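Trainee: I am attaching a structure below and will ask some questions about it afterwards.
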Amino acid sequence: MQKYLHQSLVIWTQVEQKNLDCLKGIQKYPIFSLPQIAITKIKSYIILYKMSRISKISKWVKTLIIMLMFSYSAVAQDETPVDTTLVADSIVQPTTPKYERFKMNVDSITQLVTYKAIVDQTETQADSFYLRAKRWANGKYQLSKNKKLILLDKPNEKLIVRARFASVPAGNKYSRQSNGFIVFNLTLIFKDEKYKYIIDNIIYEPEVDPLDKEARKEPLDVTPFEYYIQVKHKKKQTDALLQGADIDIKKLLEEIKKSLENPKISEEDDF
């Protein structure tokens, strides 16, 4: 319909060229191209028509012009610019998830990173626990040659050892490379049918080149785990060290539990 109206108006303007100079601009602009300019031209023509400056215009041409004016007005309303600020506000911006630190248990009294538990085991006396633990510790840390590692030795009651193992940061499940040492106190307390283990005073000890005599003379720059859990920089690197130590400490505790278990007695064959 709009195309038909436009073509009719163009034909009529060609016939009434002298009397419709004010509408020449419409021929220059296709329909819907510049609606505001077209509306202005049409309104000008209507004013001229009312002033009787154009006397030969027919009623059907007037109707076409008015219809075309409303058509342009509708298009102009449809082309109202969109408020981009509202669109931008409605878009939810992606947020980077906050990094969560690796958590370790801190004793409420000592404020030290601590692993501890009481293990119940029936049909086992305190002296049996002690002998098994002493045998395991001698094999693990060669206490007979390194007696300085024994911090306390109360037969059948308590054993404290300054233990250590290689520090292997977590992160690569296919390859774990050692870097320095994890040093800690291992305390075992024995009672009839139960024992308690405590691992605390955990520190990181950097590895020193055995060939560097000068470096070996200087005191080691050790770092307690209580510092690592509060550090504000290099969090991922620090957490890898803590997580690696956590994995190896838990393995050590399983090893201790297994060594303190009652020996399994094989059933005798019934002849």
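How things are named: the first chain in the structure tokens is A, the next is B, and so on; residues count from 1 in each chain; ligands count from 1 in the order shown.
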Leaving out segment 152-165 of chain A and any residue of its chain fewer than 6 positions from it, which residues lie within 6 Å of it when counting only C-alpha atoms, given as a PDB file with C-alpha atoms, in the first residue's frame?

Mentor:
ATOM      1  CA  ALA A 126      49.989 -49.795  76.509  1.00  0.00           C
ATOM      2  CA  ASP A 127      53.304 -51.684  76.539  1.00  0.00           C
ATOM      3  CA  TYR A 130      54.930 -48.698  72.841  1.00  0.00           C
ATOM      4  CA  PHE A 181      61.840 -30.736  53.779  1.00  0.00           C
ATOM      5  CA  ILE A 182      58.814 -30.779  56.082  1.00  0.00           C
ATOM      6  CA  VAL A 183      59.923 -31.084  59.722  1.00  0.00           C
ATOM      7  CA  PHE A 184      57.536 -31.712  62.635  1.00  0.00           C
ATOM      8  CA  ASN A 185      57.043 -33.201  66.096  1.00  0.00           C
ATOM      9  CA  LEU A 186      55.436 -36.641  66.177  1.00  0.00           C
ATOM     10  CA  THR A 187      53.954 -37.486  69.570  1.00  0.00           C
ATOM     11  CA  LEU A 188      52.515 -40.896  70.466  1.00  0.00           C
ATOM     12  CA  ILE A 189      50.803 -41.396  73.840  1.00  0.00           C
ATOM     13  CA  PHE A 190      49.869 -44.931  74.899  1.00  0.00           C
TER      14      PHE A 190
END

Trainee: Provide the atom CA of Pro224 of chain A to atom CA of Asp200 of chain A distance in Å, to one decimal place.

Mentor: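 Going from atom CA of Pro224 of chain A over to atom CA of Asp200 of chain A covers 10.2 Å.
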
Trainee: Find the residues around segment 102-109 of chain A up to 9 Å (only C-alpha atoms counted), leave out those fewer than 6 positions away in its own chain, and share them as number ranges by chain.

Mentor: A: 115, 226, 229, 236, 239-240, 242-243, 246

Trainee: Name the residues of segment 100-210 of chain A that come out as strand (DSSP E or B) in a backbone DSSP run; write them as a PyMOL selection string.

Mentor: chain A and resi 106+113+115-120+150-154+158-166+181-191+194-205

Trainee: Interatomic distance between atom CA of Asn201 of chain A and atom CA of Gly244 of chain A?

Mentor: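 Separation of atom CA of Asn201 of chain A and atom CA of Gly244 of chain A: 16.8 Å.
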
Trainee: Do a neighbour search on Val222 of chain A at 8 Å with only C-alpha atoms, toss out local chain neighbours closer than 6 positions, and write the hits as a list in words.

Mentor: Ile203, Tyr204, Glu205 and Pro206 of chain A

Trainee: Would you mind writing down, as a PyMOL selection string, each residue of segment 98-252 of chain A that DSSP on the backbone assigns to alpha helix (DSSP H)?

Mentor: chain A and resi 126-141+213-217+225-228+235-252

Trainee: Go through A:Leu151, A:Val119, A:Leu112, A:Ile198 one by one, measure the shortest atom-to-atom distance of each to Glu261 of chain A using only C-alpha atoms, and give the residue with the smallest value.

Mentor: A:Val119

Trainee: Which is closest to Ser178 of chain A among A:Leu241, A:Ala133, A:Leu252, A:Leu220, if we use only C-alpha atoms?

Mentor: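 For Ser178 of chain A, the nearest of the candidates is A:Leu241.
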